[in-house]
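Engineer: My structure file structure_13.pdb, PDB, C-alpha atoms and all ligand atoms, is below:
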```pdb
ATOM      1  CA  MET A   1      73.197 113.933 -65.300
ATOM      2  CA  THR A   2      77.027 113.787 -65.345
ATOM      3  CA  PHE A   3      78.942 110.544 -65.944
ATOM      4  CA  GLU A   4      80.118 110.676 -62.313
ATOM      5  CA  GLU A   5      76.524 110.897 -61.064
ATOM      6  CA  MET A   6      75.513 107.948 -63.226
ATOM      7  CA  ALA A   7      78.574 106.027 -62.067
ATOM      8  CA  LEU A   8      77.755 106.479 -58.371
ATOM      9  CA  ARG A   9      73.950 106.324 -58.383
ATOM     10  CA  GLY A  10      72.778 103.290 -56.351
ATOM     11  CA  LYS A  11      76.336 102.167 -55.569
ATOM     12  CA  VAL A  12      77.044 101.039 -52.008
ATOM     13  CA  ALA A  13      80.070 102.444 -50.159
ATOM     14  CA  LEU A  14      81.669 101.712 -46.788
ATOM     15  CA  VAL A  15      83.782 104.508 -45.283
ATOM     16  CA  THR A  16      85.904 103.849 -42.191
ATOM     17  CA  GLY A  17      86.482 106.800 -39.879
ATOM     18  CA  GLY A  18      83.467 108.265 -41.633
ATOM     19  CA  ALA A  19      81.863 110.104 -38.711
ATOM     20  CA  GLN A  20      83.843 113.338 -39.079
ATOM     21  CA  GLY A  21      86.634 115.070 -40.970
ATOM     22  CA  ILE A  22      87.703 113.656 -44.330
ATOM     23  CA  GLY A  23      85.559 110.507 -43.957
ATOM     24  CA  LYS A  24      82.378 112.507 -43.370
ATOM     25  CA  ALA A  25      83.166 114.748 -46.363
ATOM     26  CA  VAL A  26      83.570 111.608 -48.494
ATOM     27  CA  ALA A  27      80.262 110.178 -47.213
ATOM     28  CA  GLU A  28      78.474 113.457 -48.038
ATOM     29  CA  ALA A  29      80.007 113.659 -51.507
ATOM     30  CA  LEU A  30      78.943 110.084 -52.315
ATOM     31  CA  LEU A  31      75.433 110.619 -50.953
ATOM     32  CA  GLN A  32      75.182 113.774 -53.038
ATOM     33  CA  LYS A  33      75.675 111.548 -56.081
ATOM     34  CA  GLU A  34      72.920 109.172 -54.823
ATOM     35  CA  ALA A  35      75.165 106.388 -53.548
ATOM     36  CA  LYS A  36      74.319 104.564 -50.285
ATOM     37  CA  VAL A  37      76.867 104.841 -47.490
ATOM     38  CA  ALA A  38      77.821 102.833 -44.385
ATOM     39  CA  VAL A  39      79.687 105.096 -41.981
ATOM     40  CA  VAL A  40      81.976 102.926 -39.856
ATOM     41  CA  ASP A  41      83.535 104.636 -36.846
ATOM     42  CA  LEU A  42      84.792 104.026 -33.334
ATOM     43  CA  ASN A  43      83.153 107.137 -31.924
ATOM     44  CA  GLN A  44      79.515 106.339 -31.092
ATOM     45  CA  SER A  45      78.381 109.875 -30.182
ATOM     46  CA  VAL A  46      80.046 111.602 -33.154
ATOM     47  CA  GLY A  47      78.784 108.772 -35.373
ATOM     48  CA  GLU A  48      75.192 109.282 -34.220
ATOM     49  CA  GLU A  49      75.495 113.054 -34.768
ATOM     50  CA  CYS A  50      76.861 112.392 -38.235
ATOM     51  CA  LYS A  51      74.003 110.007 -39.035
ATOM     52  CA  LYS A  52      71.481 112.704 -37.993
ATOM     53  CA  ASP A  53      73.162 115.217 -40.323
ATOM     54  CA  LEU A  54      73.223 112.729 -43.197
ATOM     55  CA  ASP A  55      69.546 111.833 -42.643
ATOM     56  CA  GLN A  56      68.618 115.518 -42.780
ATOM     57  CA  GLY A  57      70.653 116.151 -45.895
ATOM     58  CA  PHE A  58      70.022 112.984 -47.880
ATOM     59  CA  GLY A  59      67.089 111.067 -46.357
ATOM     60  CA  GLU A  60      66.985 108.312 -43.742
ATOM     61  CA  GLY A  61      67.378 105.283 -45.982
ATOM     62  CA  SER A  62      70.565 106.428 -47.655
ATOM     63  CA  SER A  63      73.102 105.805 -44.890
ATOM     64  CA  ILE A  64      73.750 103.668 -41.836
ATOM     65  CA  PHE A  65      76.137 104.186 -38.934
ATOM     66  CA  ILE A  66      78.063 101.172 -37.657
ATOM     67  CA  GLU A  67      80.005 101.581 -34.427
ATOM     68  CA  CYS A  68      83.284  99.702 -34.927
ATOM     69  CA  ASP A  69      86.921  99.900 -33.910
ATOM     70  CA  VAL A  70      88.773  98.988 -37.113
ATOM     71  CA  THR A  71      91.567  97.391 -35.076
ATOM     72  CA  ASP A  72      89.096  94.746 -33.885
ATOM     73  CA  GLY A  73      89.284  92.258 -36.778
ATOM     74  CA  GLU A  74      85.998  90.504 -35.949
ATOM     75  CA  LYS A  75      84.090  93.786 -35.607
ATOM     76  CA  LEU A  76      85.498  95.052 -38.883
ATOM     77  CA  LYS A  77      84.456  91.802 -40.570
ATOM     78  CA  ASP A  78      80.959  92.234 -39.095
ATOM     79  CA  ALA A  79      80.828  95.861 -40.304
ATOM     80  CA  PHE A  80      81.415  94.733 -43.886
ATOM     81  CA  LYS A  81      78.825  91.933 -43.480
ATOM     82  CA  SER A  82      76.226  94.276 -41.955
ATOM     83  CA  THR A  83      76.703  96.714 -44.833
ATOM     84  CA  VAL A  84      76.106  93.992 -47.419
ATOM     85  CA  ASN A  85      73.162  92.593 -45.419
ATOM     86  CA  HIS A  86      71.593  96.060 -45.175
ATOM     87  CA  PHE A  87      72.162  97.399 -48.695
ATOM     88  CA  GLY A  88      72.464  94.091 -50.572
ATOM     89  CA  ARG A  89      75.935  94.618 -52.040
ATOM     90  CA  LEU A  90      79.240  96.475 -51.753
ATOM     91  CA  ASP A  91      80.851  98.506 -54.560
ATOM     92  CA  ILE A  92      83.201 100.981 -52.861
ATOM     93  CA  ALA A  93      85.386 100.848 -49.740
ATOM     94  CA  VAL A  94      87.324 103.825 -48.388
ATOM     95  CA  ASN A  95      89.868 102.821 -45.724
ATOM     96  CA  ASN A  96      90.178 106.252 -44.145
ATOM     97  CA  ALA A  97      90.263 105.790 -40.328
ATOM     98  CA  GLY A  98      93.565 107.051 -38.974
ATOM     99  CA  ILE A  99      95.231 108.539 -35.902
ATOM    100  CA  ASN A 100      98.327 110.582 -35.142
ATOM    101  CA  ASN A 101      99.971 109.104 -32.063
ATOM    102  CA  GLU A 102     103.729 108.835 -31.599
ATOM    103  CA  LYS A 103     103.503 108.072 -27.870
ATOM    104  CA  TYR A 104     101.429 104.920 -28.294
ATOM    105  CA  TRP A 105     102.977 104.229 -31.695
ATOM    106  CA  GLU A 106     102.012 100.556 -31.856
ATOM    107  CA  LYS A 107      98.380 101.710 -31.918
ATOM    108  CA  THR A 108      99.216 104.021 -34.835
ATOM    109  CA  ILE A 109     100.560 101.072 -36.825
ATOM    110  CA  ASP A 110      97.484  99.058 -35.900
ATOM    111  CA  VAL A 111      94.958 101.697 -37.000
ATOM    112  CA  ASN A 112      96.786 103.344 -39.920
ATOM    113  CA  LEU A 113      98.397 100.331 -41.566
ATOM    114  CA  THR A 114      97.214  96.942 -40.266
ATOM    115  CA  SER A 115      93.545  97.966 -40.386
ATOM    116  CA  VAL A 116      93.952  99.322 -43.929
ATOM    117  CA  VAL A 117      95.331  95.924 -44.969
ATOM    118  CA  LYS A 118      92.431  94.161 -43.211
ATOM    119  CA  GLY A 119      89.880  96.564 -44.705
ATOM    120  CA  THR A 120      91.299  96.001 -48.185
ATOM    121  CA  TYR A 121      91.186  92.202 -47.861
ATOM    122  CA  LEU A 122      87.633  92.298 -46.471
ATOM    123  CA  ALA A 123      86.529  94.618 -49.274
ATOM    124  CA  LEU A 124      88.026  92.205 -51.809
ATOM    125  CA  GLU A 125      86.078  89.310 -50.239
ATOM    126  CA  HIS A 126      82.867  91.240 -50.901
ATOM    127  CA  MET A 127      83.746  92.707 -54.314
ATOM    128  CA  SER A 128      86.357  90.614 -56.131
ATOM    129  CA  LYS A 129      85.442  88.417 -59.084
ATOM    130  CA  GLU A 130      87.807  85.903 -57.441
ATOM    131  CA  HIS A 131      85.065  85.500 -54.828
ATOM    132  CA  GLY A 132      82.269  85.444 -57.390
ATOM    133  CA  LYS A 133      81.389  89.109 -56.847
ATOM    134  CA  GLU A 134      80.870  91.907 -59.381
ATOM    135  CA  GLY A 135      83.959  94.052 -58.836
ATOM    136  CA  GLY A 136      84.354  97.495 -57.307
ATOM    137  CA  VAL A 137      86.859 100.057 -56.119
ATOM    138  CA  ILE A 138      88.930 100.634 -52.980
ATOM    139  CA  VAL A 139      90.572 103.889 -51.896
ATOM    140  CA  ASN A 140      93.147 103.865 -49.088
ATOM    141  CA  VAL A 141      94.045 107.080 -47.284
ATOM    142  CA  SER A 142      97.746 107.883 -46.870
ATOM    143  CA  SER A 143      99.278 111.372 -46.405
ATOM    144  CA  MET A 144     101.793 113.822 -47.863
ATOM    145  CA  ALA A 145     103.712 112.972 -44.674
ATOM    146  CA  ALA A 146     104.859 109.917 -46.649
ATOM    147  CA  PHE A 147     106.685 112.229 -49.066
ATOM    148  CA  LEU A 148     107.952 114.810 -46.571
ATOM    149  CA  HIS A 149     109.238 112.362 -43.898
ATOM    150  CA  SER A 150     107.875 114.492 -41.066
ATOM    151  CA  PRO A 151     110.602 114.406 -38.353
ATOM    152  CA  HIS A 152     107.933 114.996 -35.714
ATOM    153  CA  GLN A 153     105.962 111.912 -36.708
ATOM    154  CA  PRO A 154     108.298 109.033 -37.604
ATOM    155  CA  VAL A 155     105.811 106.234 -36.983
ATOM    156  CA  TYR A 156     102.866 108.087 -38.574
ATOM    157  CA  THR A 157     105.125 108.672 -41.591
ATOM    158  CA  ALA A 158     106.063 104.985 -41.729
ATOM    159  CA  THR A 159     102.418 103.890 -41.691
ATOM    160  CA  LYS A 160     101.581 106.264 -44.533
ATOM    161  CA  TYR A 161     104.563 104.992 -46.586
ATOM    162  CA  GLY A 162     103.280 101.499 -45.868
ATOM    163  CA  VAL A 163      99.790 102.310 -47.110
ATOM    164  CA  ILE A 164     101.227 103.514 -50.435
ATOM    165  CA  GLY A 165     103.419 100.429 -50.891
ATOM    166  CA  PHE A 166     100.625  98.031 -49.941
ATOM    167  CA  THR A 167      98.123  99.755 -52.216
ATOM    168  CA  ARG A 168     100.422  99.767 -55.251
ATOM    169  CA  ALA A 169     101.307  96.101 -54.790
ATOM    170  CA  ILE A 170      97.746  94.890 -54.174
ATOM    171  CA  ALA A 171      96.521  96.984 -57.118
ATOM    172  CA  ASP A 172      98.936  95.104 -59.372
ATOM    173  CA  ALA A 173      97.770  91.806 -57.856
ATOM    174  CA  ALA A 174      94.149  92.797 -58.524
ATOM    175  CA  ALA A 175      94.938  93.581 -62.161
ATOM    176  CA  MET A 176      96.969  90.400 -62.659
ATOM    177  CA  GLY A 177      94.274  88.278 -60.995
ATOM    178  CA  ASN A 178      91.379  89.934 -62.876
ATOM    179  CA  TYR A 179      89.632  90.774 -59.598
ATOM    180  CA  GLY A 180      87.562  93.492 -61.292
ATOM    181  CA  VAL A 181      88.536  95.768 -58.411
ATOM    182  CA  ARG A 182      90.634  98.939 -58.772
ATOM    183  CA  ILE A 183      92.659 100.048 -55.760
ATOM    184  CA  ASN A 184      94.074 103.570 -55.374
ATOM    185  CA  VAL A 185      95.619 105.744 -52.664
ATOM    186  CA  VAL A 186      95.223 109.429 -51.768
ATOM    187  CA  CYS A 187      97.881 111.517 -50.002
ATOM    188  CA  PRO A 188      96.477 114.772 -48.595
ATOM    189  CA  ALA A 189      98.621 117.575 -47.157
ATOM    190  CA  PHE A 190      97.317 119.232 -43.950
ATOM    191  CA  VAL A 191      93.506 119.159 -43.776
ATOM    192  CA  ASP A 192      91.271 121.140 -41.431
ATOM    193  CA  THR A 193      90.017 118.323 -39.165
ATOM    194  CA  THR A 194      90.246 117.357 -35.493
ATOM    195  CA  LEU A 195      93.363 115.307 -36.304
ATOM    196  CA  LEU A 196      95.402 118.517 -36.424
ATOM    197  CA  GLN A 197      94.557 119.171 -32.762
ATOM    198  CA  SER A 198      96.538 116.050 -31.839
ATOM    199  CA  ILE A 199      99.800 118.006 -32.077
ATOM    200  CA  GLU A 200      98.839 119.989 -28.964
ATOM    201  CA  LEU A 201      98.767 116.883 -26.759
ATOM    202  CA  GLU A 202     101.742 115.199 -25.115
ATOM    203  CA  ASP A 203      99.568 112.092 -24.972
ATOM    204  CA  ASN A 204      99.630 112.027 -28.793
ATOM    205  CA  MET A 205     103.042 113.436 -29.624
ATOM    206  CA  GLY A 206     105.125 111.930 -26.785
ATOM    207  CA  LYS A 207     108.758 113.095 -27.015
ATOM    208  CA  TYR A 208     107.982 115.125 -30.167
ATOM    209  CA  HIS A 209     105.510 117.359 -28.328
ATOM    210  CA  LYS A 210     108.222 120.000 -27.897
ATOM    211  CA  PHE A 211     108.244 120.446 -31.707
ATOM    212  CA  LYS A 212     104.580 121.412 -31.942
ATOM    213  CA  ASP A 213     105.387 125.015 -32.928
ATOM    214  CA  GLU A 214     107.527 123.756 -35.784
ATOM    215  CA  ILE A 215     104.605 121.683 -37.055
ATOM    216  CA  LYS A 216     102.399 124.777 -36.853
ATOM    217  CA  GLN A 217     105.008 126.650 -38.912
ATOM    218  CA  ARG A 218     104.775 123.877 -41.516
ATOM    219  CA  MET A 219     100.991 124.291 -41.560
ATOM    220  CA  ASP A 220     101.425 128.043 -42.091
ATOM    221  CA  LYS A 221     103.969 127.390 -44.847
ATOM    222  CA  PHE A 222     102.076 124.662 -46.712
ATOM    223  CA  GLY A 223      98.532 125.793 -45.858
ATOM    224  CA  VAL A 224      95.553 123.780 -44.637
ATOM    225  CA  LEU A 225      93.053 122.221 -47.040
ATOM    226  CA  ASP A 226      89.277 121.900 -46.691
ATOM    227  CA  PRO A 227      88.079 118.252 -46.379
ATOM    228  CA  SER A 228      85.821 118.801 -49.420
ATOM    229  CA  ILE A 229      88.792 118.843 -51.831
ATOM    230  CA  ILE A 230      89.959 115.480 -50.474
ATOM    231  CA  ALA A 231      86.433 114.122 -51.063
ATOM    232  CA  GLU A 232      86.629 115.476 -54.613
ATOM    233  CA  GLY A 233      89.946 113.702 -55.199
ATOM    234  CA  ILE A 234      88.628 110.448 -53.741
ATOM    235  CA  GLN A 235      85.565 110.640 -56.014
ATOM    236  CA  THR A 236      87.894 110.858 -59.007
ATOM    237  CA  LEU A 237      89.821 107.804 -57.786
ATOM    238  CA  ILE A 238      86.485 105.982 -57.479
ATOM    239  CA  THR A 239      84.925 106.942 -60.804
ATOM    240  CA  ASP A 240      87.882 107.192 -63.231
ATOM    241  CA  GLU A 241      88.076 103.664 -64.590
ATOM    242  CA  SER A 242      91.577 104.222 -65.978
ATOM    243  CA  LEU A 243      93.018 104.528 -62.453
ATOM    244  CA  ASN A 244      94.462 101.500 -60.636
ATOM    245  CA  GLY A 245      97.463 101.729 -58.294
ATOM    246  CA  ALA A 246      97.319 105.515 -58.689
ATOM    247  CA  VAL A 247      98.956 107.676 -56.004
ATOM    248  CA  MET A 248      97.031 110.945 -55.803
ATOM    249  CA  LYS A 249      98.570 113.902 -53.941
ATOM    250  CA  ILE A 250      96.507 116.864 -52.794
ATOM    251  CA  THR A 251      98.296 120.030 -51.689
ATOM    252  CA  CYS A 252      97.484 123.737 -51.435
ATOM    253  CA  SER A 253     100.267 124.594 -53.879
ATOM    254  CA  LYS A 254      99.401 122.099 -56.644
ATOM    255  CA  GLY A 255      95.832 121.005 -55.863
ATOM    256  CA  ILE A 256      94.859 117.487 -56.982
ATOM    257  CA  HIS A 257      97.718 115.816 -58.867
ATOM    258  CA  PHE A 258      99.410 112.440 -59.228
ATOM    259  CA  HIS A 259     102.776 111.119 -58.113
ATOM    260  CA  THR A 260     104.752 109.631 -60.974
ATOM    261  CA  TYR A 261     107.262 106.810 -60.696
ATOM    262  CA  GLU A 262     110.233 106.058 -62.936
ATOM    263  CA  PRO A 263     109.545 102.951 -65.006
ATOM    264  CA  LEU A 264     111.524  99.958 -63.720
ATOM    265  CA  SER A 265     114.590  99.197 -65.789
ATOM    266  CA  ALA A 266     116.379  95.845 -65.972
TER
HETATM  267  N1  LIG B 301      93.860 115.979 -41.246
HETATM  268  C1  LIG B 301      95.006 115.925 -41.931
HETATM  269  O1  LIG B 301      95.780 116.897 -41.964
HETATM  270  C2  LIG B 301      95.339 114.697 -42.705
HETATM  271  C3  LIG B 301      94.727 113.491 -42.491
HETATM  272  N2  LIG B 301      95.117 112.391 -43.216
HETATM  273  C4  LIG B 301      94.500 111.095 -42.994
HETATM  274  O2  LIG B 301      93.126 111.174 -43.262
HETATM  275  C5  LIG B 301      92.426 110.179 -42.515
HETATM  276  C6  LIG B 301      91.215 110.809 -41.825
HETATM  277  O3  LIG B 301      91.709 111.750 -40.903
HETATM  278  P1  LIG B 301      90.932 113.082 -40.479
HETATM  279  O4  LIG B 301      89.615 113.131 -41.087
HETATM  280  O5  LIG B 301      91.869 114.181 -40.651
HETATM  281  O6  LIG B 301      90.831 112.818 -38.918
HETATM  282  P2  LIG B 301      89.629 112.958 -37.876
HETATM  283  O7  LIG B 301      90.277 112.748 -36.561
HETATM  284  O8  LIG B 301      88.872 114.198 -38.125
HETATM  285  O9  LIG B 301      88.687 111.730 -38.234
HETATM  286  C7  LIG B 301      89.124 110.419 -38.108
HETATM  287  C8  LIG B 301      87.956 109.530 -37.766
HETATM  288  O10 LIG B 301      88.475 108.203 -37.634
HETATM  289  C9  LIG B 301      87.886 107.619 -36.493
HETATM  290  N3  LIG B 301      88.766 106.576 -35.959
HETATM  291  C10 LIG B 301      89.959 106.735 -35.341
HETATM  292  N4  LIG B 301      90.425 105.540 -34.942
HETATM  293  C11 LIG B 301      89.504 104.641 -35.306
HETATM  294  C12 LIG B 301      89.403 103.240 -35.137
HETATM  295  N5  LIG B 301      90.333 102.542 -34.484
HETATM  296  N6  LIG B 301      88.323 102.611 -35.637
HETATM  297  C13 LIG B 301      87.351 103.306 -36.279
HETATM  298  N7  LIG B 301      87.378 104.623 -36.437
HETATM  299  C14 LIG B 301      88.448 105.288 -35.960
HETATM  300  C15 LIG B 301      87.695 108.760 -35.512
HETATM  301  O11 LIG B 301      86.711 108.441 -34.530
HETATM  302  C16 LIG B 301      87.289 109.880 -36.437
HETATM  303  O12 LIG B 301      85.891 109.951 -36.579
HETATM  304  C17 LIG B 301      93.449 109.568 -41.583
HETATM  305  O13 LIG B 301      93.920 108.360 -42.129
HETATM  306  C18 LIG B 301      94.573 110.592 -41.571
HETATM  307  O14 LIG B 301      95.825 110.024 -41.271
HETATM  308  C19 LIG B 301      96.070 112.474 -44.190
HETATM  309  C20 LIG B 301      96.697 113.643 -44.446
HETATM  310  C21 LIG B 301      96.391 114.852 -43.728
HETATM  311  C1  LIG B 302     100.200 116.993 -37.723
HETATM  312  C2  LIG B 302      98.972 116.229 -37.928
HETATM  313  C3  LIG B 302      99.156 114.885 -38.439
HETATM  314  C4  LIG B 302      99.076 114.488 -39.669
HETATM  315  C5  LIG B 302      98.649 115.310 -40.797
HETATM  316  C6  LIG B 302      99.228 114.860 -42.068
HETATM  317  O1  LIG B 302      99.167 113.704 -42.418
HETATM  318  C7  LIG B 302      99.761 115.936 -42.850
HETATM  319  C8  LIG B 302     100.839 115.967 -43.626
HETATM  320  C9  LIG B 302     101.136 117.133 -44.349
HETATM  321  C10 LIG B 302     102.057 117.484 -45.182
HETATM  322  C11 LIG B 302     101.914 118.590 -46.064
HETATM  323  C12 LIG B 302     102.714 118.916 -47.030
HETATM  324  C13 LIG B 302     102.466 119.820 -48.131
HETATM  325  C14 LIG B 302     103.348 120.163 -49.047
HETATM  326  C15 LIG B 302     103.138 120.819 -50.364
HETATM  327  O2  LIG B 302     102.522 122.030 -50.373
HETATM  328  C16 LIG B 302     104.381 120.762 -51.279
HETATM  329  O3  LIG B 302     104.992 122.005 -51.399
HETATM  330  C17 LIG B 302     105.333 119.669 -50.882
HETATM  331  C18 LIG B 302     106.526 119.520 -51.755
HETATM  332  C19 LIG B 302     106.761 118.497 -52.629
HETATM  333  C20 LIG B 302     105.765 117.570 -53.120
HETATM  334  C21 LIG B 302     105.748 117.543 -54.612
HETATM  335  C22 LIG B 302     104.385 117.352 -55.210
HETATM  336  O4  LIG B 302     103.402 117.846 -54.635
HETATM  337  O5  LIG B 302     104.265 116.683 -56.230
END
```
How would this structure read if it were set down as C-alpha cells?
Structural biologist:
Amino acid sequence: MTFEEMALRGKVALVTGGAQGIGKAVAEALLQKEAKVAVVDLNQSVGEECKKDLDQGFGEGSSIFIECDVTDGEKLKDAFKSTVNHFGRLDIAVNNAGINNEKYWEKTIDVNLTSVVKGTYLALEHMSKEHGKEGGVIVNVSSMAAFLHSPHQPVYTATKYGVIGFTRAIADAAAMGNYGVRINVVCPAFVDTTLLQSIELEDNMGKYHKFKDEIKQRMDKFGVLDPSIIAEGIQTLITDESLNGAVMKITCSKGIHFHTYEPLSA
C-alpha cells in the first residue's frame, strides 16, 4: 500500500460541486484510495446519477449525495453537519463548486468567492484544533484565468484571484494559530467539463459572448486537460504534509507545477 493510500484510507471528505466534472473526478480519486466522500451539489438529478455511479464503483456505504446550493449559507452549514453526522468526522474539504457567468456576475462572485470563504470557515469549524477538532486539509479551486486575466471573463477572473489571495492568507492564519489544518489552492487551465459549454451562451457570457471564437482559439492554443489530472493534483495537495498556502498550477504545457512568489523584502 502506498503512503497516499494509507493517508487517505478511512478519511472523510466533502466535495462541493462534486456531482460532475472536476468535483466528480476528485470524489472518484478519493474513493479509490478508500476515503469516504460527501458529494455536495446544487443539481439533484446529476447528483443522483453521480451517486449511482459511485455506488457501483466503490460500494453503497462509501459516499453520500447532499443536494445543496453553496450560496445558501444555512444549507451549506447543514451539508457540513450532515456529513459529520453520517460519517462521524471530517478530514478533507474541497471547495470546488464554480460557475462562469459574466451576465449575472454578482452570482459568480457569490458562488466562486463568497461560498469558498464560507466553505473554508465551515470546514475549519469541523476540523480546526481551535475548535477542539483533530485537524485536516482544505483545497480551494481557482483557475489559470487568475494568471492570464482573461479579457472575456473579468468577473470570473476576479473571483479566481480572490480565491488565491484568501487561501494564502487563511493558510498563514492556520499555521500561526496552530489550527492543524493545511489550506491550499489549485489553478487548472482549461478542463474538459460542462463548464466550457458556458461560452456558447449569451445568458452566461453577456456582452462578451461575441468573443466566444477567441476563447475557443485560446483552448486550441493552450489545450484542454482531462479532469483526472486535476484530481491527481488535488490529491497531492491533500496528502503532502509539507504543503500549506501552496498555489498549484496545472497546464497542458507544464503539467502539475507550483507558482512561486518573491520573498517579501523590507
Ligand atoms: N472546466 C475548466 O476549464 C476549469 C474549471 N475550473 C474551476 O473548477 C471548478 C469545477 O468546475 P467544472 O468541474 O469545470 O464545472 P462543471 O460545470 O462540470 O461542474 C461544476 C459543478 O458545480 C455545481 N454547482 C454550480 N453552482 C453550484 C452551487 N451554487 N451550489 C452547489 N453546486 C454548484 C454544478 O451543479 C456542477 O455539478 C469551478 O470552480 C471552476 O471555476 C478552473 C479552471 C478551469
Ligand atoms: C471559458 C470557460 C471558463 C473558465 C475556464 C477556466 O477557468 C480556464 C482558464 C484557462 C486558462 C488556461 C491557460 C493555460 C496556459 C498555459 O498553457 C501556459 O502556457 C500559460 C502561461 C504562463 C503560465 C506560467 C506557468 O504555467 O507557470
Engineer: Could the residues that lie within 10 Å of ligand LIG 302 (chain B), counting all atoms listed in the file, be listed as JSON, numbers by chain?
Structural biologist: {"A": [98, 99, 100, 101, 141, 142, 143, 144, 145, 146, 147, 148, 149, 150, 152, 153, 156, 157, 160, 187, 188, 189, 190, 191, 192, 193, 194, 195, 196, 197, 198, 199, 200, 205, 212, 215, 216, 218, 219, 221, 222, 223, 224, 225, 248, 249, 250, 251, 252, 253, 254, 255, 256, 257, 258, 259, 260]}
Engineer: Report, in Å with one decimal, the straight-line distance from CA of Lys33 (chain A) to CA of Gly59 (chain A).
Structural biologist: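 A separation of 13.0 Å between them.
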Engineer: Out of A:Leu113, A:Ala19, A:Ala266, A:Met176, which residue has the shortest atom-to-atom distance to ligand LIG 301 (chain B) when counting all atoms listed in the file?
Structural biologist: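 Residue with the minimum atom-to-atom distance to ligand LIG 301 (chain B): A:Ala19.
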Engineer: On this file, the PyMOL selection byres (((chain A and resi 9) around 7) and not hetatm) gives some set of residues; write that set as a PyMOL selection string.
Structural biologist: chain A and resi 5-8+10-11+33-35
Engineer: Determine, counting all atoms listed in the file, which protein, DNA and RNA residues have an atom within 10 Å of an atom of Lys77 (chain A); residues of the same chain fewer than 6 positions away are not included. Present the result as a PyMOL selection string.
Structural biologist: chain A and resi 68+70+118-119+121-123
Engineer: How about saving the chosen residues, C-alpha atoms kept, as a compact mmCIF listing (two decimals), in the coordinates of the input?
Structural biologist:
```txt
# COMPACT_ATOMS: atom_id res chain seq x y z
CA CYS A 68 83.28 99.70 -34.93
CA VAL A 70 88.77 98.99 -37.11
CA LYS A 118 92.43 94.16 -43.21
CA GLY A 119 89.88 96.56 -44.70
CA TYR A 121 91.19 92.20 -47.86
CA LEU A 122 87.63 92.30 -46.47
CA ALA A 123 86.53 94.62 -49.27
```
Engineer: With 8 Å added on each side, what axis-aligned box encloses every listed atom of ligand LIG 301 (chain B)? Give the centre and edge lengths in Å to one decimal, as lines of an AutoDock Vina configuration file.
Structural biologist:
```
center_x = 91.3
center_y = 109.7
center_z = -39.5
size_x = 26.8
size_y = 30.4
size_z = 26.0
```
Engineer: Gly47 (chain A): which residues within 9 Å, counting only C-alpha atoms, same-chain residues fewer than 2 positions away excluded, as a VMD selection string?
Structural biologist: chain A and resid 18 to 20 39 to 45 49 to 52 65 to 67
Engineer: Generate a file of the selected residues that holds C-alpha atoms, formatted as a JSON list (two decimals), in the frame of the given file.
Structural biologist:
```
[["chain", "number", "residue", "atom", "x", "y", "z"],
["A", 18, "GLY", "CA", 83.47, 108.26, -41.63],
["A", 19, "ALA", "CA", 81.86, 110.10, -38.71],
["A", 20, "GLN", "CA", 83.84, 113.34, -39.08],
["A", 39, "VAL", "CA", 79.69, 105.10, -41.98],
["A", 40, "VAL", "CA", 81.98, 102.93, -39.86],
["A", 41, "ASP", "CA", 83.54, 104.64, -36.85],
["A", 42, "LEU", "CA", 84.79, 104.03, -33.33],
["A", 43, "ASN", "CA", 83.15, 107.14, -31.92],
["A", 44, "GLN", "CA", 79.52, 106.34, -31.09],
["A", 45, "SER", "CA", 78.38, 109.88, -30.18],
["A", 49, "GLU", "CA", 75.50, 113.05, -34.77],
["A", 50, "CYS", "CA", 76.86, 112.39, -38.24],
["A", 51, "LYS", "CA", 74.00, 110.01, -39.03],
["A", 52, "LYS", "CA", 71.48, 112.70, -37.99],
["A", 65, "PHE", "CA", 76.14, 104.19, -38.93],
["A", 66, "ILE", "CA", 78.06, 101.17, -37.66],
["A", 67, "GLU", "CA", 80.00, 101.58, -34.43]]
```
Engineer: Return as a list in words the set of residues that the PyMOL selection byres (((chain A and resi 185) around 10) and not hetatm) yields on the displayed structure.
Structural biologist: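 On this input, the PyMOL selection byres (((chain A and resi 185) around 10) and not hetatm) captures Val94, Asn95, Ile138, Val139, Asn140, Val141, Ser142, Ser143, Val163, Ile164, Gly165, Phe166, Thr167, Arg168, Ala171, Ile183, Asn184, Val186, Cys187, Pro188, Ile234, Leu237, Asn244, Gly245, Ala246, Val247, Met248 and Lys249 of chain A.
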Engineer: Quick check, in Å to one decimal: how far apart do CA of Gly132 (chain A) and CA of Asp240 (chain A) lie?
Structural biologist: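 Here the two named atoms are 23.2 Å from each other.
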Engineer: With all atoms listed in the file as the basis for distance, which of A:Leu54, A:Val155, A:Ile64, A:Ala174 is at the shortest distance from ligand LIG 301 (chain B)?
Structural biologist: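 Of all the options, A:Val155 lies closest to ligand LIG 301 (chain B).
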Engineer: Counting only C-alpha atoms and all ligand atoms, which residue out of A:Ser63, A:Thr236, A:Asn96, A:Gln32 sits closest to ligand LIG 301 (chain B)?
Structural biologist: A:Asn96
Engineer: Here is a test: counting all atoms listed in the file, which residue of A:Asp91, A:Glu48, A:Asp69, A:Asp213 is nearest to Met127 (chain A)?
Structural biologist: A:Asp91
Engineer: Written as a PyMOL selection string, which residues does the PyMOL selection byres (((chain A and resi 27) around 8) and not hetatm) give for the file shown?
Structural biologist: chain A and resi 15+18+23-26+28-31+37+39
Engineer: Would you work out the distance separating CA of Lys81 (chain A) from CA of Ala13 (chain A), expressed in Å to one decimal?
Structural biologist: 12.5 Å
Engineer: Just checking: using all atoms listed in the file, which residue out of A:Glu125, A:Glu262, A:Glu102, A:Glu214 ends up closest to Tyr179 (chain A)?
Structural biologist: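 That would be A:Glu125, the residue with the smallest distance to Tyr179 (chain A).
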Engineer: Of the residues A:Ile109, A:Leu243, A:Ala38, A:Val46, which is the one nearest to Asn85 (chain A), using all atoms listed in the file?
Structural biologist: A:Ala38
Engineer: If we count only C-alpha atoms and set the cut-off at 10 Å, which residues sit around Val84 (chain A), ignoring sequence neighbours fewer than 4 positions away in its own chain? Please answer as a ChimeraX atom specification.
Structural biologist: /A:12-14,38,78-80,88-91,126
Engineer: Selection from above, C-alpha atoms, as a compact mmCIF listing (two decimals), in the frame of the given file, can you write it?
Structural biologist:
```
# COMPACT_ATOMS: atom_id res chain seq x y z
CA VAL A 12 77.04 101.04 -52.01
CA ALA A 13 80.07 102.44 -50.16
CA LEU A 14 81.67 101.71 -46.79
CA ALA A 38 77.82 102.83 -44.38
CA ASP A 78 80.96 92.23 -39.10
CA ALA A 79 80.83 95.86 -40.30
CA PHE A 80 81.42 94.73 -43.89
CA GLY A 88 72.46 94.09 -50.57
CA ARG A 89 75.94 94.62 -52.04
CA LEU A 90 79.24 96.48 -51.75
CA ASP A 91 80.85 98.51 -54.56
CA HIS A 126 82.87 91.24 -50.90
```
